[in-house]
Amino acid sequence: MVKQINAYWKASRYLLMQQPIDEKIIIRLAKPEDRDIIVDIQFNAIKTLSAKDYNYRQLNALLRSKSFYRKAKEITFVAEINQKVVGFASLLYPFNTIGAIFVDPNFARRKIGTKLLQRLEQEAITNRIPILWVSASLTAYPFYKANGYRTIIKSNFPLYSTYIPFIQMKKRLLLVTREERLREAYQFFAVVVVTTLIVLLFW
Ligand SMILES: CC(C)(COP(=O)(O)OP(=O)(O)OC[C@H]1O[C@@H](n2cnc3c(N)ncnc32)[C@H](O)[C@@H]1OP(=O)(O)O)[C@@H](O)C(=O)NCCC(=O)NCCS
């Protein structure tokens, strides 16, 4: 019996040594050659992680919209573990809105999303952006909440003949000057008007 336990212990120690020891998450700017893996990650993340939050039609619409290369004017960072891209995040120009955060479902809940989000926030601060906005999916809502984002309004946007519920959220990154506060009030007003128009036009 003792022999068996020793053998098991040795085997499991060997197995442990086989596990990747260096699981350091590296965040870097995306390169053109990351485009395919970025599309794969966003597609797989929706298919796997968002399946519990959306119905069949909504999920199909989301998957269809995420099957293409990203075209928006944005700055994108990727997360790498052992030189494998396992997530990405983007900030939309003028860098006051989060365009995307997607994590490979095999690496979910390992703080990769948080590290990407922190990198976006750092970039926004460097660009003197006082408030960061995001249209959070139902899936990502608890993630943003855990990272200090506040709910502004819940709404829907139309996509391929269906409606996708989302939650408009924001986080204050910097204390602001009077001019910046005015710009912020203008942005808030614009978000409310655009969201109301979308709801009135398509609901
Ligand atoms: C949202 C997403 C990016 C989160 O990435 P992640 O690396 O798994 O998140 P983290 O490990 O950094 O999570 C940080 C905290 O957020 C919260 N959180 C994250 N995912 C959660 C979930 N599914 N349910 C509840 N809380 C969650 C938790 O508090 C978590 O801390 P904990 O694990 O110690 O409890 C990832 O789930 C994803 O790609 N989702 C699908 C795509 C999507 O909806 N993207 C957002 C578009 S706006």
# chains A, B, ... in the order shown; residues from 1 in each chain; ligands from 1
>>> residues_around(residues="range 22-35 of chain A", least_positions_apart="2", cutoff="7 Å", atoms="only C-alpha atoms", output="list in words")
Pro20, Ile37, Ile38, Val39, Tyr69, Thr76, Phe77, Val78, Ala79, Glu80, Ile81, Asn82 and Leu116 of chain A
>>> write_last_selection(atoms="N, CA, C and O atoms", output="PDB file, in the first residue's frame")
ATOM      1  N   PRO A  20       2.381  23.466 -17.595  1.00  0.00           N
ATOM      2  CA  PRO A  20       3.138  24.675 -17.909  1.00  0.00           C
ATOM      3  C   PRO A  20       3.394  25.474 -16.638  1.00  0.00           C
ATOM      4  O   PRO A  20       2.447  25.777 -15.906  1.00  0.00           O
ATOM      5  N   ILE A  37      -6.931  34.821 -35.280  1.00  0.00           N
ATOM      6  CA  ILE A  37      -7.153  34.287 -33.930  1.00  0.00           C
ATOM      7  C   ILE A  37      -8.145  35.175 -33.165  1.00  0.00           C
ATOM      8  O   ILE A  37      -8.967  34.679 -32.395  1.00  0.00           O
ATOM      9  N   ILE A  38      -8.133  36.470 -33.461  1.00  0.00           N
ATOM     10  CA  ILE A  38      -9.082  37.392 -32.816  1.00  0.00           C
ATOM     11  C   ILE A  38     -10.519  37.027 -33.221  1.00  0.00           C
ATOM     12  O   ILE A  38     -11.418  36.950 -32.375  1.00  0.00           O
ATOM     13  N   VAL A  39     -10.712  36.761 -34.512  1.00  0.00           N
ATOM     14  CA  VAL A  39     -12.055  36.363 -34.978  1.00  0.00           C
ATOM     15  C   VAL A  39     -12.456  35.039 -34.312  1.00  0.00           C
ATOM     16  O   VAL A  39     -13.585  34.890 -33.819  1.00  0.00           O
ATOM     17  N   TYR A  69     -13.510  40.022 -39.758  1.00  0.00           N
ATOM     18  CA  TYR A  69     -12.437  40.834 -39.163  1.00  0.00           C
ATOM     19  C   TYR A  69     -13.042  42.104 -38.602  1.00  0.00           C
ATOM     20  O   TYR A  69     -13.991  42.658 -39.176  1.00  0.00           O
ATOM     21  N   THR A  76      -6.194  47.849 -30.357  1.00  0.00           N
ATOM     22  CA  THR A  76      -6.464  46.499 -29.841  1.00  0.00           C
ATOM     23  C   THR A  76      -5.241  45.922 -29.132  1.00  0.00           C
ATOM     24  O   THR A  76      -4.116  46.036 -29.620  1.00  0.00           O
ATOM     25  N   PHE A  77      -5.507  45.297 -27.987  1.00  0.00           N
ATOM     26  CA  PHE A  77      -4.460  44.591 -27.243  1.00  0.00           C
ATOM     27  C   PHE A  77      -4.823  43.108 -27.200  1.00  0.00           C
ATOM     28  O   PHE A  77      -6.006  42.758 -27.172  1.00  0.00           O
ATOM     29  N   VAL A  78      -3.788  42.268 -27.172  1.00  0.00           N
ATOM     30  CA  VAL A  78      -4.067  40.838 -27.006  1.00  0.00           C
ATOM     31  C   VAL A  78      -3.386  40.355 -25.727  1.00  0.00           C
ATOM     32  O   VAL A  78      -2.403  40.945 -25.273  1.00  0.00           O
ATOM     33  N   ALA A  79      -3.940  39.270 -25.164  1.00  0.00           N
ATOM     34  CA  ALA A  79      -3.327  38.615 -24.000  1.00  0.00           C
ATOM     35  C   ALA A  79      -2.709  37.319 -24.491  1.00  0.00           C
ATOM     36  O   ALA A  79      -3.343  36.568 -25.236  1.00  0.00           O
ATOM     37  N   GLU A  80      -1.477  37.080 -24.057  1.00  0.00           N
ATOM     38  CA  GLU A  80      -0.761  35.860 -24.478  1.00  0.00           C
ATOM     39  C   GLU A  80      -0.353  35.056 -23.255  1.00  0.00           C
ATOM     40  O   GLU A  80       0.087  35.628 -22.254  1.00  0.00           O
ATOM     41  N   ILE A  81      -0.515  33.733 -23.355  1.00  0.00           N
ATOM     42  CA  ILE A  81       0.061  32.836 -22.352  1.00  0.00           C
ATOM     43  C   ILE A  81       0.939  31.859 -23.124  1.00  0.00           C
ATOM     44  O   ILE A  81       0.460  31.213 -24.068  1.00  0.00           O
ATOM     45  N   ASN A  82       2.170  31.756 -22.747  1.00  0.00           N
ATOM     46  CA  ASN A  82       3.114  30.884 -23.469  1.00  0.00           C
ATOM     47  C   ASN A  82       3.036  31.083 -24.984  1.00  0.00           C
ATOM     48  O   ASN A  82       2.916  30.131 -25.740  1.00  0.00           O
ATOM     49  N   LEU A 116      -6.765  42.570 -19.359  1.00  0.00           N
ATOM     50  CA  LEU A 116      -7.010  43.306 -20.610  1.00  0.00           C
ATOM     51  C   LEU A 116      -7.742  44.618 -20.314  1.00  0.00           C
ATOM     52  O   LEU A 116      -7.410  45.666 -20.859  1.00  0.00           O
TER      53      LEU A 116
END
>>> select_by_dssp(residues="range 33-182 of chain A", states="helix (DSSP H, G or I)", output="ChimeraX atom specification")
/A:33-49,56-65,105-107,112-126,141-146,178-182
>>> residues_around(residues="Arg119 in chain A", least_positions_apart="4", cutoff="9 Å", atoms="only C-alpha atoms", output="list in words")
Ile27, Phe77, Ala89, Thr114, Lys115, Glu123 and Ala124 of chain A
>>> write_last_selection(atoms="all heavy atoms", output="compact mmCIF listing (two decimals), in the first residue's frame")
# COMPACT_ATOMS: atom_id res chain seq x y z
N ILE A 27 0.36 41.16 -21.92
CA ILE A 27 -0.57 41.99 -22.70
C ILE A 27 0.28 42.83 -23.66
O ILE A 27 1.20 43.50 -23.23
CB ILE A 27 -1.41 42.92 -21.80
CG1 ILE A 27 -2.07 42.16 -20.64
CG2 ILE A 27 -2.43 43.71 -22.62
CD1 ILE A 27 -3.20 41.26 -21.00
N PHE A 77 -5.51 45.30 -27.99
CA PHE A 77 -4.46 44.59 -27.24
C PHE A 77 -4.82 43.11 -27.20
O PHE A 77 -6.01 42.76 -27.17
CB PHE A 77 -4.37 45.11 -25.81
CG PHE A 77 -3.97 46.56 -25.74
CD1 PHE A 77 -4.93 47.56 -25.67
CD2 PHE A 77 -2.63 46.92 -25.77
CE1 PHE A 77 -4.56 48.90 -25.64
CE2 PHE A 77 -2.26 48.26 -25.74
CZ PHE A 77 -3.22 49.25 -25.67
N ALA A 89 -8.78 42.75 -26.42
CA ALA A 89 -9.68 43.83 -26.01
C ALA A 89 -9.38 45.04 -26.86
O ALA A 89 -8.24 45.24 -27.29
CB ALA A 89 -9.45 44.16 -24.54
N THR A 114 -9.70 40.70 -16.85
CA THR A 114 -9.38 41.81 -15.95
C THR A 114 -8.08 42.49 -16.38
O THR A 114 -7.99 43.72 -16.42
CB THR A 114 -9.26 41.30 -14.50
OG1 THR A 114 -10.51 40.72 -14.14
CG2 THR A 114 -8.91 42.40 -13.53
N LYS A 115 -7.08 41.69 -16.73
CA LYS A 115 -5.79 42.27 -17.15
C LYS A 115 -5.96 43.08 -18.43
O LYS A 115 -5.39 44.17 -18.57
CB LYS A 115 -4.76 41.15 -17.37
CG LYS A 115 -4.25 40.53 -16.09
CD LYS A 115 -2.75 40.28 -16.19
CE LYS A 115 -2.08 40.21 -14.83
NZ LYS A 115 -2.53 39.12 -13.99
N GLU A 123 -4.64 52.88 -21.02
CA GLU A 123 -4.55 53.57 -22.31
C GLU A 123 -5.47 54.80 -22.32
O GLU A 123 -5.10 55.86 -22.79
CB GLU A 123 -4.95 52.60 -23.43
CG GLU A 123 -4.74 53.10 -24.82
CD GLU A 123 -3.27 53.29 -25.17
OE1 GLU A 123 -2.41 52.68 -24.51
OE2 GLU A 123 -2.99 54.08 -26.08
N ALA A 124 -6.69 54.62 -21.78
CA ALA A 124 -7.64 55.73 -21.73
C ALA A 124 -7.09 56.86 -20.85
O ALA A 124 -7.16 58.04 -21.21
CB ALA A 124 -8.99 55.24 -21.21
>>> residues_around(residues="Asp36 in chain A", least_positions_apart="5", cutoff="12 Å", atoms="only C-alpha atoms", output="list of chain:residue names")
A:Ala30, A:Lys31, A:Ile41, A:Gln42, A:Phe43, A:Lys66, A:Ser67, A:Phe68, A:Tyr69, A:Arg70, A:Val85, A:Phe88
>>> closest_atom_pairs(of="chain A", to="ligand 1", cutoff="6 Å", atoms="only C-alpha atoms and all ligand atoms", output="tab-separated table")
residue	atom	partner	partner_atom_place_in_ligand_line	distance
A:Ala45	CA	ligand 1	41 (C)	4.7
A:Ile46	CA	ligand 1	41 (C)	5.2
A:Leu49	CA	ligand 1	41 (C)	5.1
A:Ser50	CA	ligand 1	41 (C)	5.5
A:Ala100	CA	ligand 1	47 (C)	5.2
A:Ile101	CA	ligand 1	46 (C)	4.9
A:Phe102	CA	ligand 1	39 (O)	3.5
A:Val103	CA	ligand 1	39 (O)	3.9
A:Ala108	CA	ligand 1	8 (O)	3.6
A:Arg109	CA	ligand 1	11 (O)	3.1
A:Arg110	CA	ligand 1	11 (O)	4.2
A:Lys111	CA	ligand 1	12 (O)	3.2
A:Ile112	CA	ligand 1	7 (O)	4.0
A:Gly113	CA	ligand 1	7 (O)	3.5
A:Thr114	CA	ligand 1	12 (O)	3.7
A:Ser135	CA	ligand 1	48 (S)	5.9
A:Ala136	CA	ligand 1	48 (S)	4.1
A:Ser137	CA	ligand 1	48 (S)	4.8
A:Thr139	CA	ligand 1	44 (O)	4.7
A:Ala140	CA	ligand 1	1 (C)	3.9
A:Pro142	CA	ligand 1	26 (N)	4.6
A:Phe143	CA	ligand 1	16 (O)	3.4
A:Ala146	CA	ligand 1	29 (O)	4.9
>>> residues_around(residues="Leu200 in chain A", least_positions_apart="5", cutoff="12 Å", atoms="only C-alpha atoms", output="ChimeraX atom specification")
/A:155-158,193-195
>>> write_last_selection(atoms="N, CA, C and O atoms", output="PDB file, in the first residue's frame")
ATOM      1  N   SER A 155     -30.913  48.427 -22.357  1.00  0.00           N
ATOM      2  CA  SER A 155     -31.627  48.621 -23.620  1.00  0.00           C
ATOM      3  C   SER A 155     -31.404  47.440 -24.570  1.00  0.00           C
ATOM      4  O   SER A 155     -30.850  46.414 -24.152  1.00  0.00           O
ATOM      5  N   ASN A 156     -31.835  47.613 -25.832  1.00  0.00           N
ATOM      6  CA  ASN A 156     -31.676  46.576 -26.861  1.00  0.00           C
ATOM      7  C   ASN A 156     -31.156  47.243 -28.118  1.00  0.00           C
ATOM      8  O   ASN A 156     -31.514  48.384 -28.401  1.00  0.00           O
ATOM      9  N   PHE A 157     -30.331  46.532 -28.886  1.00  0.00           N
ATOM     10  CA  PHE A 157     -30.024  47.064 -30.217  1.00  0.00           C
ATOM     11  C   PHE A 157     -30.414  46.029 -31.271  1.00  0.00           C
ATOM     12  O   PHE A 157     -30.336  44.823 -31.026  1.00  0.00           O
ATOM     13  N   PRO A 158     -30.848  46.538 -32.448  1.00  0.00           N
ATOM     14  CA  PRO A 158     -31.294  45.612 -33.489  1.00  0.00           C
ATOM     15  C   PRO A 158     -30.102  44.977 -34.188  1.00  0.00           C
ATOM     16  O   PRO A 158     -29.104  45.649 -34.450  1.00  0.00           O
ATOM     17  N   VAL A 193     -29.736  60.108 -25.853  1.00  0.00           N
ATOM     18  CA  VAL A 193     -30.539  60.428 -27.052  1.00  0.00           C
ATOM     19  C   VAL A 193     -30.437  59.295 -28.069  1.00  0.00           C
ATOM     20  O   VAL A 193     -31.460  58.814 -28.591  1.00  0.00           O
ATOM     21  N   VAL A 194     -29.201  58.831 -28.347  1.00  0.00           N
ATOM     22  CA  VAL A 194     -29.015  57.780 -29.358  1.00  0.00           C
ATOM     23  C   VAL A 194     -29.732  56.501 -28.924  1.00  0.00           C
ATOM     24  O   VAL A 194     -30.457  55.874 -29.709  1.00  0.00           O
ATOM     25  N   THR A 195     -29.587  56.134 -27.642  1.00  0.00           N
ATOM     26  CA  THR A 195     -30.238  54.901 -27.158  1.00  0.00           C
ATOM     27  C   THR A 195     -31.757  55.030 -27.266  1.00  0.00           C
ATOM     28  O   THR A 195     -32.441  54.105 -27.712  1.00  0.00           O
TER      29      THR A 195
END
>>> atom_distance(atom1="CA of Asn96 in chain A", atom2="CA of Tyr163 in chain A")
24.7 Å
>>> select_by_dssp(residues="chain A", states="strand (DSSP E or B)", output="NGL selection string")
:A and (25-29 or 74-81 or 84-92 or 97-103 or 131-136 or 150-159 or 162-172)
>>> atom_distance(atom1="CA of Gly148 in chain A", atom2="CA of Val134 in chain A")
12.1 Å
